[in-house]
Each structure stands twice: as C-alpha cells, then as structure tokens.
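Below: the structure, in structure tokens.
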Amino acid sequence: MRRNWEVSRRQFISLVGAAGASGSAVTLNCMAAVRPAAAPAPSMRVLNYRQAATLGAIAEQIVPADSGPGARQTGAVNYIDSVLSGYQREKSPLYAAGLQGADETSQLTFGRDFVDLDFDRQTGILKEMENGSAQGEIWKTVLSQEFFAMVWNHTLEAFYGPSDQGGDKNYASWKMMGFPEHSGTM
C-alpha cells in the first residue's frame, strides 16, 4: 500500500523535472582511453548505433515507460544527438567516454553490455555511476557523476521540452501534465 508521501517515479519526475533540467553544469575532463568513434547511426548526427542504444537504455531508466511513453519513445536519444551536434558539441567526447564507461562497468560487473542487462541491473549500474563507485578504467579519466548528471539533465530536457525543439515527441509529457499542445503562441 502506498503511503501518502510516497510518489511514483513518473510523479516525482513530473514534480521536479524542470528543477533537475536546470541543474549543474558539467565540466569536461581528460578524454583518454575512449574508443575511436564509428560512423553515426542512421538518423543520428553524432552517436553511433552502439552509443544510441546505450543512451536509449539509460534514458529509459531515467524516465521509464509506464501508462505513458518513456524517454526512449518520446525521442530523448534524437534530442540529445541533436544537442551534441549543435550548441553543445563540446560535450560529445564526454558522452562517448561515459557511454563506453557504462558498457565497461556492465561488462566488469555482469559480463554483458549495459543494453543487455535487465532493468534492475541497469538501475544498479546507474546508481554506481551516480555516486561515483562505478568500476572501470574509463572512470579514472572521466567522472561518472558528471556524465550521469549530464545525461539526467539532457533526458529531462528532451522529455519535458517542446516538441519543436526535438524532444517530447507528440507532446507526450505535456499531455501527461495536462498542458495544452504547443499552439505557436509561446
């Protein structure tokens, strides 16, 4: 039985999404030991297929689908790829390193890539990244907390931002919160 002060993950995100999206800036540290980038995946400008798949799984952990669509279905990966090819292109190396780090930690812990883990194991890996205890060589050159905070912020921007900015496909989150669709008057 849910107590009055307990809220679902989706309720919590809808209550604090805007505050989280305006969170701390992420600084870029040394990017040594990052695999060479492969060609971008179809429909992507920066992310290759593996990176897009890993990012989609991470975003879905942050805003999972329930009775409504989650981050993956509302276009979070496309939004983040667009951001990384545009006004925040300097963050692309941190994304490449962090996504590689998620796989490295998953391999060391469970012997499989992040996308191949079940939901609970993915959650465990992300908690380690968030608190700075994630295993892996990559985390000696890139702070897992910085990467996690950046992905968290970008995912919430994608989920709650207006559709015309590349996120919130079909205004799913706006509808969930009871906002009218964007009418071009804003």
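Note on naming: chains are A, B, ... as they come in the structure tokens, residues start from 1 per chain, ligands start from 1 in the order shown.
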
Under the rule of at most 10 Å, produce a per-residue listing of region 106-135 of chain A near region 139-144 of chain A: chain, number, name, the closest pair of atoms, and the distance in Å, as JSON lines, using only C-alpha atoms.
{"residue": "A:Leu126", "atom": "CA", "partner": "A:Ser144", "partner_atom": "CA", "distance": 9.1}
{"residue": "A:Glu128", "atom": "CA", "partner": "A:Ser144", "partner_atom": "CA", "distance": 8.3}
{"residue": "A:Met129", "atom": "CA", "partner": "A:Ser144", "partner_atom": "CA", "distance": 4.9}
{"residue": "A:Glu130", "atom": "CA", "partner": "A:Ser144", "partner_atom": "CA", "distance": 6.5}
{"residue": "A:Asn131", "atom": "CA", "partner": "A:Ser144", "partner_atom": "CA", "distance": 7.9}
{"residue": "A:Gly132", "atom": "CA", "partner": "A:Ser144", "partner_atom": "CA", "distance": 5.7}
{"residue": "A:Ser133", "atom": "CA", "partner": "A:Ser144", "partner_atom": "CA", "distance": 8.2}
{"residue": "A:Ala134", "atom": "CA", "partner": "A:Ser144", "partner_atom": "CA", "distance": 7.1}
{"residue": "A:Gln135", "atom": "CA", "partner": "A:Trp139", "partner_atom": "CA", "distance": 7.2}

Could you pull the residues within 12 Å of Leu108 (chain A), counting only C-alpha atoms, minus those fewer than 6 positions along the same chain, as a PDB file with C-alpha atoms, in the first residue's frame?
ATOM      1  CA  GLY A 101      32.116   3.533 -19.390  1.00  0.00           C
ATOM      2  CA  ALA A 102      28.560   2.268 -18.869  1.00  0.00           C
ATOM      3  CA  PHE A 114      24.565  -2.258 -20.484  1.00  0.00           C
ATOM      4  CA  ILE A 125      24.980   0.322 -12.683  1.00  0.00           C
ATOM      5  CA  ALA A 134      31.360   2.561 -10.838  1.00  0.00           C
ATOM      6  CA  GLN A 135      34.136   0.153 -11.812  1.00  0.00           C
ATOM      7  CA  GLY A 136      36.258   0.635 -14.900  1.00  0.00           C
ATOM      8  CA  GLU A 137      39.357   2.317 -16.252  1.00  0.00           C
TER       9      GLU A 137
END

Given only C-alpha atoms as the counted atoms, nearest of A:Ala59, A:Val151, A:Met44, A:Ala53 to Ala76 (chain A): A:Ala59

Distance query Asp113 (chain A) at most 6 Å, only C-alpha atoms, self and fewer than 6 positions along chain excluded, as a list in words: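 Contacts, in chain order: Asp103, Ser106 and Gln107 of chain A.
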
So how far away is CA of Gly70 (chain A) from CA of Glu90 (chain A), in Å? 27.0 Å

d(CA of Pro64 (chain A), CA of Ser85 (chain A)) in Å: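 Interatomic distance here is 25.2 Å.
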
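Distance annotation: of A:Pro69, A:Arg121, A:Lys127, A:His154, the residue with the minimal separation from Gln88 (chain A) is A:His154; atom set is only C-alpha atoms.
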
Those of region 43-169 of chain A in DSSP helix (DSSP H, G or I), formatted as JSON, numbers by chain: {"A": [49, 50, 51, 52, 53, 54, 55, 56, 57, 58, 59, 60, 61, 62, 76, 77, 78, 79, 80, 81, 82, 83, 84, 85, 89, 90, 91, 92, 93, 94, 95, 96, 97, 98, 99, 100, 101, 102, 103, 104, 105, 106, 107, 108, 109, 110, 114, 115, 116, 119, 120, 121, 122, 123, 124, 125, 126, 127, 128, 129, 130, 131, 137, 138, 139, 140, 144, 145, 146, 147, 148, 149, 150, 151, 152, 153, 154, 155, 156, 157, 158, 159, 160, 163, 164, 165, 169]}
